[in-house]
$ cat target.txt   # compact mmCIF, C-alpha atoms
# COMPACT_ATOMS: atom_id res chain seq x y z
CA MET A 1 8.49 -47.28 -27.21
CA GLY A 2 10.70 -45.37 -29.64
CA TRP A 3 10.90 -42.60 -27.06
CA ILE A 4 12.42 -44.94 -24.50
CA GLY A 5 14.92 -46.20 -27.08
CA GLU A 6 15.92 -42.62 -27.88
CA THR A 7 16.41 -41.81 -24.21
CA VAL A 8 18.60 -44.87 -23.62
CA ASP A 9 20.64 -44.02 -26.73
CA SER A 10 21.23 -40.46 -25.67
CA ILE A 11 22.28 -41.56 -22.16
CA LYS A 12 24.76 -43.99 -23.69
CA SER A 13 26.24 -41.33 -25.97
CA ILE A 14 26.96 -38.81 -23.25
CA LYS A 15 30.50 -37.56 -23.07
CA ILE A 16 32.26 -36.66 -19.86
CA ARG A 17 32.62 -32.92 -20.59
CA GLN A 18 28.97 -32.61 -21.49
CA LEU A 19 28.01 -34.42 -18.31
CA LEU A 20 30.17 -32.15 -16.18
CA THR A 21 28.71 -29.02 -17.81
CA GLN A 22 25.23 -30.20 -17.07
CA ALA A 23 26.14 -31.06 -13.49
CA VAL A 24 27.54 -27.55 -13.01
CA THR A 25 24.40 -26.00 -14.55
CA LEU A 26 22.22 -28.01 -12.20
CA GLY A 27 24.39 -26.94 -9.27
CA MET A 28 24.04 -23.29 -10.32
CA ILE A 29 20.26 -23.57 -10.46
CA VAL A 30 20.08 -25.12 -7.00
CA THR A 31 22.46 -22.52 -5.60
CA SER A 32 20.52 -19.59 -7.05
CA ALA A 33 17.34 -20.96 -5.51
CA LEU A 34 19.11 -21.14 -2.15
CA ILE A 35 20.43 -17.58 -2.55
CA ILE A 36 16.94 -16.28 -3.29
CA TRP A 37 15.55 -18.08 -0.24
CA LYS A 38 18.23 -16.70 2.08
CA ALA A 39 17.80 -13.20 0.66
CA MET A 40 14.08 -13.41 1.39
CA MET A 41 14.92 -14.40 4.95
CA CYS A 42 17.05 -11.26 5.30
CA VAL A 43 14.49 -8.93 3.77
CA THR A 44 11.54 -10.15 5.79
CA GLY A 45 13.45 -10.58 9.03
CA THR A 46 12.14 -14.02 9.77
CA GLU A 47 13.42 -17.58 9.53
CA SER A 48 10.56 -18.69 7.37
CA PRO A 49 9.28 -15.95 5.09
CA VAL A 50 6.62 -18.23 3.64
CA VAL A 51 4.40 -20.77 5.43
CA VAL A 52 1.70 -23.10 4.22
CA VAL A 53 -1.56 -23.21 6.15
CA LEU A 54 -2.01 -26.77 7.36
CA SER A 55 -5.15 -26.71 9.49
CA GLY A 56 -8.62 -25.25 9.31
CA SER A 57 -8.39 -23.21 12.47
CA MET A 58 -8.40 -19.88 10.66
CA GLU A 59 -11.21 -20.58 8.23
CA PRO A 60 -12.91 -19.12 6.31
CA GLY A 61 -10.11 -16.59 5.89
CA PHE A 62 -7.24 -19.05 5.49
CA GLN A 63 -7.94 -22.48 4.12
CA ARG A 64 -5.66 -25.50 4.17
CA GLY A 65 -3.25 -25.15 1.27
CA ASP A 66 -3.00 -21.37 1.24
CA ILE A 67 0.32 -19.62 1.52
CA LEU A 68 1.08 -16.83 3.99
CA LEU A 69 3.85 -14.29 3.50
CA LEU A 70 5.47 -13.33 6.76
CA ARG A 71 7.46 -10.42 8.05
CA MET A 72 8.99 -9.74 11.43
CA THR A 73 9.82 -6.25 12.65
CA LYS A 74 10.76 -4.82 16.00
CA ASP A 75 7.30 -3.24 16.30
CA PRO A 76 5.46 -4.27 19.45
CA ILE A 77 2.95 -7.08 19.22
CA ARG A 78 -0.65 -5.89 19.36
CA THR A 79 -4.06 -7.54 19.33
CA GLY A 80 -5.49 -8.42 15.96
CA GLU A 81 -2.18 -9.31 14.39
CA ILE A 82 -1.97 -12.74 12.84
CA VAL A 83 1.22 -14.29 14.15
CA VAL A 84 3.13 -17.46 13.47
CA PHE A 85 4.58 -19.11 16.54
CA LYS A 86 6.24 -22.32 17.65
CA ILE A 87 5.65 -23.96 21.00
CA ASP A 88 8.81 -25.04 22.82
CA GLY A 89 9.56 -28.62 21.98
CA ARG A 90 7.32 -28.78 18.92
CA ASP A 91 8.30 -28.34 15.31
CA ILE A 92 5.13 -27.25 13.62
CA PRO A 93 4.50 -23.52 13.36
CA ILE A 94 0.97 -22.38 14.22
CA VAL A 95 -0.76 -19.42 12.61
CA HIS A 96 -3.34 -17.75 14.86
CA ARG A 97 -4.54 -14.30 15.84
CA VAL A 98 -3.46 -12.38 18.95
CA ILE A 99 -6.42 -11.67 21.22
CA GLU A 100 -4.73 -10.44 24.39
CA VAL A 101 -1.58 -8.45 25.10
CA HIS A 102 -0.07 -7.39 28.42
CA GLU A 103 3.11 -5.34 28.12
CA ARG A 104 5.34 -4.75 31.15
CA LYS A 105 6.25 -1.15 31.87
CA THR A 106 9.73 -1.82 33.16
CA THR A 107 11.04 -4.50 30.84
CA GLY A 108 8.91 -4.03 27.74
CA LYS A 109 8.29 -7.78 27.69
CA VAL A 110 4.87 -8.95 26.55
CA ASP A 111 2.48 -11.71 27.54
CA VAL A 112 0.45 -12.74 24.52
CA LEU A 113 -2.63 -14.94 24.17
CA THR A 114 -3.69 -16.29 20.78
CA LYS A 115 -6.74 -17.96 19.26
CA GLY A 116 -7.66 -19.38 15.90
CA ASP A 117 -10.56 -17.53 14.26
CA ASN A 118 -12.43 -20.76 13.68
CA ASN A 119 -11.77 -22.23 17.13
CA ASP A 120 -14.18 -21.83 20.02
CA VAL A 121 -11.52 -21.54 22.69
CA ASP A 122 -8.21 -19.76 22.95
CA ASP A 123 -4.89 -21.51 22.56
CA ILE A 124 -4.09 -22.15 26.23
CA ASP A 125 -4.42 -25.89 25.66
CA LEU A 126 -1.93 -25.73 22.80
CA TYR A 127 0.80 -24.13 24.85
CA ALA A 128 3.29 -26.22 26.83
CA ASP A 129 2.20 -27.55 30.23
CA GLY A 130 1.90 -24.76 32.73
CA GLN A 131 2.48 -22.10 30.11
CA MET A 132 -0.18 -19.37 30.20
CA TRP A 133 1.21 -16.86 27.73
CA LEU A 134 3.35 -16.63 24.64
CA HIS A 135 6.37 -14.38 24.68
CA ARG A 136 8.14 -12.51 21.94
CA HIS A 137 10.74 -15.19 21.39
CA HIS A 138 8.07 -17.74 20.51
CA ILE A 139 6.79 -15.59 17.67
CA MET A 140 8.46 -16.05 14.31
CA GLY A 141 6.61 -13.50 12.23
CA ARG A 142 3.42 -11.67 11.37
CA ALA A 143 1.32 -12.56 8.35
CA VAL A 144 1.22 -9.64 5.94
CA GLY A 145 0.20 -11.23 2.66
CA PHE A 146 -1.71 -14.15 1.33
CA LEU A 147 -1.79 -16.35 -1.77
CA PRO A 148 -4.61 -18.88 -2.17
CA TYR A 149 -4.14 -22.56 -3.13
CA VAL A 150 -0.42 -22.35 -3.98
CA GLY A 151 0.55 -24.31 -0.87
CA TRP A 152 -1.15 -27.50 -2.06
CA VAL A 153 2.03 -28.35 -3.99
CA THR A 154 3.96 -28.51 -0.70
CA ILE A 155 1.23 -30.42 1.12
CA ILE A 156 1.00 -33.05 -1.62
CA MET A 157 4.77 -33.44 -1.75
CA THR A 158 4.96 -33.86 2.03
CA GLU A 159 2.10 -36.27 2.40
CA LYS A 160 2.78 -38.39 -0.67
CA PRO A 161 6.58 -38.39 -1.06
CA ILE A 162 6.30 -40.63 -4.11
CA ILE A 163 5.14 -37.60 -6.09
CA LYS A 164 8.24 -35.67 -4.98
CA TYR A 165 10.50 -38.46 -6.25
CA LEU A 166 8.57 -38.70 -9.50
CA LEU A 167 8.91 -34.96 -10.11
CA ILE A 168 12.63 -34.88 -9.31
CA GLY A 169 13.17 -37.98 -11.44
CA ALA A 170 11.35 -36.41 -14.39
CA MET A 171 13.31 -33.16 -14.07
CA GLY A 172 16.58 -35.08 -13.83
CA LEU A 173 15.70 -37.03 -16.93
CA LEU A 174 14.88 -33.83 -18.78
CA VAL A 175 18.23 -32.30 -17.88
CA ILE A 176 20.25 -35.38 -18.78
CA THR A 177 18.60 -35.97 -22.12
CA SER A 178 18.71 -32.37 -23.29
CA LYS A 179 20.76 -31.84 -26.39
CA ASP A 180 22.20 -28.53 -25.15
CA MET B 1 13.70 -27.89 -28.41
CA HIS B 2 10.30 -28.94 -29.58
CA SER B 3 9.77 -31.99 -27.44
CA PHE B 4 6.76 -32.42 -25.22
CA GLY B 5 8.87 -31.91 -22.11
CA TYR B 6 10.14 -28.51 -23.20
CA ARG B 7 6.74 -27.32 -24.29
CA ALA B 8 5.15 -28.40 -21.03
CA ASN B 9 7.90 -26.67 -19.09
CA ALA B 10 7.54 -23.43 -21.03
CA LEU B 11 3.76 -23.47 -20.66
CA LEU B 12 3.96 -24.06 -16.91
CA THR B 13 6.52 -21.30 -16.36
CA PHE B 14 4.53 -18.82 -18.37
CA SER B 15 1.23 -19.58 -16.66
CA VAL B 16 2.77 -19.36 -13.18
CA THR B 17 4.38 -16.00 -14.05
CA ALA B 18 1.11 -14.69 -15.47
CA LEU B 19 -0.82 -15.78 -12.37
CA ALA B 20 1.72 -14.17 -10.07
CA PHE B 21 1.46 -10.94 -12.05
CA ILE B 22 -2.33 -10.95 -11.82
CA CYS B 23 -2.21 -11.53 -8.06
CA ALA B 24 0.20 -8.62 -7.64
CA ILE B 25 -2.00 -6.28 -9.68
CA ALA B 26 -5.10 -7.32 -7.73
CA SER B 27 -3.34 -6.58 -4.49
CA LEU B 28 -2.07 -3.20 -5.71
CA SER B 29 -5.56 -2.15 -6.73
CA ASP B 30 -6.59 -2.30 -3.07
CA ASN B 31 -4.36 0.69 -2.35
CA PHE B 32 -6.58 2.92 -4.46
CA SER B 33 -9.83 2.24 -2.66
CA ASN B 34 -11.31 4.98 -0.51
CA GLN B 35 -12.09 3.82 2.97
CA ASN B 36 -14.07 5.52 5.69
CA PRO B 37 -15.57 3.14 8.19
CA SER B 38 -17.38 4.34 11.29
CA ALA B 39 -18.41 2.82 14.59
CA GLU B 40 -19.98 3.53 17.94
CA ILE B 41 -19.96 1.46 21.10
CA GLN B 42 -22.01 1.86 24.23
CA ILE B 43 -21.73 -0.12 27.40
CA LEU B 44 -25.23 -1.12 28.29
CA ASN B 45 -24.53 -2.83 31.55
CA ILE B 46 -21.82 -4.11 33.81
CA ASN B 47 -23.07 -7.57 34.62
CA ARG B 48 -20.46 -8.87 37.02
CA PHE B 49 -17.33 -7.43 38.52
CA LYS B 50 -15.43 -9.52 40.97
CA LYS B 51 -12.16 -10.92 42.14
CA GLN B 52 -11.62 -14.41 40.86
CA SER B 53 -10.58 -17.25 43.13
CA TYR B 54 -6.93 -16.83 42.11
CA GLU B 55 -6.91 -13.12 42.70
CA ASN B 56 -7.43 -11.53 39.29
CA ASP B 57 -10.23 -9.10 38.59
CA GLU B 58 -12.84 -10.19 36.09
CA VAL B 59 -15.54 -8.09 34.41
CA SER B 60 -18.51 -9.15 32.39
CA LEU B 61 -20.23 -6.44 30.35
CA THR B 62 -23.01 -6.07 27.85
CA LEU B 63 -22.04 -3.97 24.85
CA ASP B 64 -24.06 -2.25 22.17
CA ILE B 65 -21.87 -2.14 19.08
CA SER B 66 -22.89 -0.43 15.87
CA ALA B 67 -20.60 -0.05 12.90
CA ASP B 68 -20.59 0.67 9.20
CA LEU B 69 -17.71 -1.12 7.50
CA GLU B 70 -19.14 -1.18 3.99
CA SER B 71 -16.44 1.03 2.51
CA LEU B 72 -13.75 -1.52 3.38
CA PHE B 73 -14.97 -4.06 0.83
CA THR B 74 -13.33 -4.07 -2.60
CA TRP B 75 -13.60 -6.65 -5.34
CA ASN B 76 -10.43 -8.23 -3.93
CA THR B 77 -11.82 -8.66 -0.41
CA LYS B 78 -12.56 -12.14 0.90
CA GLN B 79 -13.74 -11.18 4.36
CA VAL B 80 -13.28 -8.56 7.07
CA PHE B 81 -12.46 -9.69 10.59
CA ALA B 82 -13.75 -7.15 13.10
CA PHE B 83 -13.15 -7.18 16.84
CA VAL B 84 -13.60 -4.96 19.86
CA ALA B 85 -10.84 -4.73 22.46
CA ALA B 86 -10.48 -2.91 25.74
CA GLU B 87 -7.21 -1.02 26.27
CA TYR B 88 -5.99 0.22 29.62
CA GLU B 89 -2.91 0.85 31.70
CA THR B 90 -2.01 -0.59 35.08
CA PRO B 91 0.85 0.13 37.49
CA LYS B 92 2.72 -2.97 36.33
CA ASN B 93 1.77 -2.99 32.64
CA SER B 94 2.19 -0.07 30.28
CA LEU B 95 -0.45 -1.55 27.98
CA ASN B 96 -3.13 -4.18 28.32
CA GLN B 97 -5.31 -5.11 25.39
CA VAL B 98 -8.10 -7.60 25.91
CA SER B 99 -10.27 -8.74 23.04
CA LEU B 100 -13.94 -8.77 24.07
CA TRP B 101 -15.86 -9.67 20.94
CA ASP B 102 -15.15 -10.51 17.34
CA ALA B 103 -17.00 -11.36 14.18
CA ILE B 104 -16.25 -12.40 10.64
CA ILE B 105 -17.99 -10.24 8.04
CA PRO B 106 -18.17 -12.24 4.84
CA ASP B 107 -19.51 -9.58 2.46
CA LYS B 108 -20.70 -6.04 2.01
CA GLU B 109 -24.33 -6.87 2.83
CA HIS B 110 -23.39 -7.79 6.39
CA ALA B 111 -20.99 -4.90 6.89
CA LYS B 112 -23.43 -2.44 8.43
CA PHE B 113 -24.66 -3.83 11.69
CA ARG B 114 -25.80 -3.19 15.21
CA ILE B 115 -25.46 -5.85 17.85
CA GLN B 116 -26.06 -6.09 21.56
CA THR B 117 -24.00 -8.76 23.19
CA SER B 118 -22.17 -9.66 26.34
CA ASN B 119 -18.44 -10.08 25.95
CA LYS B 120 -17.51 -13.19 24.03
CA TYR B 121 -14.13 -13.56 25.72
CA ARG B 122 -13.42 -13.17 29.40
CA PHE B 123 -12.11 -9.80 30.48
CA ILE B 124 -9.58 -10.77 33.13
CA ASP B 125 -6.86 -8.50 34.44
CA GLN B 126 -3.37 -9.53 35.53
CA GLY B 127 -3.95 -8.51 39.11
CA HIS B 128 -6.73 -6.49 40.72
CA ASN B 129 -6.41 -3.08 39.13
CA LEU B 130 -9.80 -2.70 37.53
CA ARG B 131 -11.79 -0.82 40.18
CA GLY B 132 -12.54 2.65 38.86
CA LYS B 133 -10.32 1.97 35.86
CA GLU B 134 -10.65 4.16 32.79
CA PHE B 135 -10.22 2.39 29.50
CA ASN B 136 -10.56 2.78 25.74
CA LEU B 137 -12.70 0.59 23.57
CA THR B 138 -11.22 0.04 20.15
CA LEU B 139 -12.90 -1.41 17.10
CA HIS B 140 -10.29 -3.10 14.91
CA TRP B 141 -10.79 -4.46 11.44
CA HIS B 142 -8.55 -6.74 9.46
CA VAL B 143 -9.20 -6.92 5.73
CA MET B 144 -8.34 -10.36 4.36
CA PRO B 145 -7.98 -10.25 0.58
CA LYS B 146 -8.67 -12.85 -2.05
CA THR B 147 -4.99 -12.49 -2.87
CA GLY B 148 -2.15 -10.24 -1.75
CA LYS B 149 -1.52 -7.78 1.04
CA MET B 150 -3.67 -7.79 4.17
CA PHE B 151 -4.21 -4.57 6.00
CA ALA B 152 -5.68 -3.57 9.32
CA ASP B 153 -6.67 -0.43 11.15
CA LYS B 154 -8.76 0.65 14.11
CA ILE B 155 -10.97 3.30 15.68
CA VAL B 156 -10.15 4.23 19.27
CA MET B 157 -13.01 5.35 21.48
CA PRO B 158 -11.79 6.65 24.82
CA GLY B 159 -13.66 7.58 27.93
CA TYR B 160 -15.17 4.39 29.33
CA SER B 161 -14.73 3.43 32.95
CA LEU B 162 -15.49 0.67 35.40
CA PRO B 163 -17.27 1.14 38.74
CA ASP B 164 -15.27 1.85 41.87
CA ALA B 165 -16.49 -1.19 43.77
CA TYR B 166 -16.99 -4.85 43.07
CA LYS B 167 -20.48 -5.91 42.16

$ encode --input "target.txt" --output "structure tokens"
Amino acid sequence: MGWIGETVDSIKSIKIRQLLTQAVTLGMIVTSALIIWKAMMCVTGTESPVVVVLSGSMEPGFQRGDILLLRMTKDPIRTGEIVVFKIDGRDIPIVHRVIEVHERKTTGKVDVLTKGDNNDVDDIDLYADGQMWLHRHHIMGRAVGFLPYVGWVTIIMTEKPIIKYLLIGAMGLLVITSKD
Amino acid sequence: MHSFGYRANALLTFSVTALAFICAIASLSDNFSNQNPSAEIQILNINRFKKQSYENDEVSLTLDISADLESLFTWNTKQVFAFVAAEYETPKNSLNQVSLWDAIIPDKEHAKFRIQTSNKYRFIDQGHNLRGKEFNLTLHWHVMPKTGKMFADKIVMPGYSLPDAYK
């Protein structure tokens, strides 16, 4: 109970200049995080350099909650590559393996078929109605690296937003009540 | 400076940094492993070779695949994904790759194998170009680590061909 009293006291005794300094510090931290994220986007060549695995369709290699590091280069798409793609009209990126490639001689365009390692059938049913192949513009990146379990933080924060608010509230409280 | 909040924060930051460092080192160690896998594929039989109802050629084959992928496993390997694909060229397409069979190899004990199987996935062309077609069979492997960089490579075996007439 004394801890709560201390916190209330320190909030009451805050001066304007101190408050502004802390607000600027907070702003700097958020901005640096944003800069790092955008720089990663530039380096890896893809809109989302990191994705969290959400489904079990690539088990046992990738489990729900793992993190995949992505990279996109101009190299042609070949079978065996694990690609992340979005179907037109849907938001959620899907991470599956390429099992078929047909590349046109004249235009260099490719028709690509994908399948999750743990699925019995290929992804034809996942594609939009009438769509038989994926094309290069659907593909956002190739998976080049892998970190286990780290993605659970994101999954928990998405599925139980109360935890996100709790965390942000606790961090905010920490910043405000710091004596610096 | 010595409150619970600060100590918890410092502990968390340090442990996350240490874990990230360990993951990076584990991944780097994979670069030093010596790898020499080998494989051989024979086509035992062409089971069916026909034009489908919507005008694309389809082939069904029985393959005899033997491979030794033991040298790909390091202490940082979670599994190796191996697959066999057929590669060929057609007048319209500069490259066609069709995956015929794949398997997940969970550990070193299962990495040396010989299997006779018909193709797991349908071998369907975009068109009817497969009569008398020469193609390569490639064995690809994709090493999925416990943490860090994934890498893949393949062995290309040329010189296979399909019969000149439908069967």

$ interface_residues --input "target.txt" --of "chain A" --to "chain B" --cutoff "6 Å" --atoms "all atoms listed in the file" --output "list of chain:residue names"
A:Ile99, A:Glu100, A:Val101, A:His102, A:Glu103, A:Arg104, A:Lys105, A:Val144, A:Gly145, A:Phe146, A:Leu147

$ residues_near_point --input "target.txt" --point "(-12.1, -1.9, 2.9)" --cutoff "7 Å" --atoms "all atoms listed in the file" --output "ChimeraX atom specification"
/B:35,71-74,143

$ atom_distance --input "target.txt" --atom1 "atom CA of B:Ala165" --atom2 "atom CA of B:Leu130"
9.3 Å

$ atom_distance --input "target.txt" --atom1 "atom CA of B:Leu63" --atom2 "atom CA of B:Gln116"
5.6 Å

$ residues_around --input "target.txt" --residues "stretch 157-161 of chain B" --least-positions-apart "4" --cutoff "7 Å" --atoms "only C-alpha atoms" --output "list of chain:residue names"
B:Gly132, B:Lys133, B:Glu134, B:Phe135, B:Asn136, B:Leu137, B:Thr138

$ closest_residue --input "target.txt" --among "A:Thr44, A:Ser55, A:Thr158, A:Thr7" --to "A:Val95" --atoms "all atoms listed in the file"
A:Ser55

$ residues_around --input "target.txt" --residues "A:Gly65" --least-positions-apart "6" --cutoff "8 Å" --atoms "all atoms listed in the file" --output "count of residues only"
9

$ atom_distance --input "target.txt" --atom1 "atom CA of A:Gly141" --atom2 "atom CA of A:Thr46"
6.1 Å
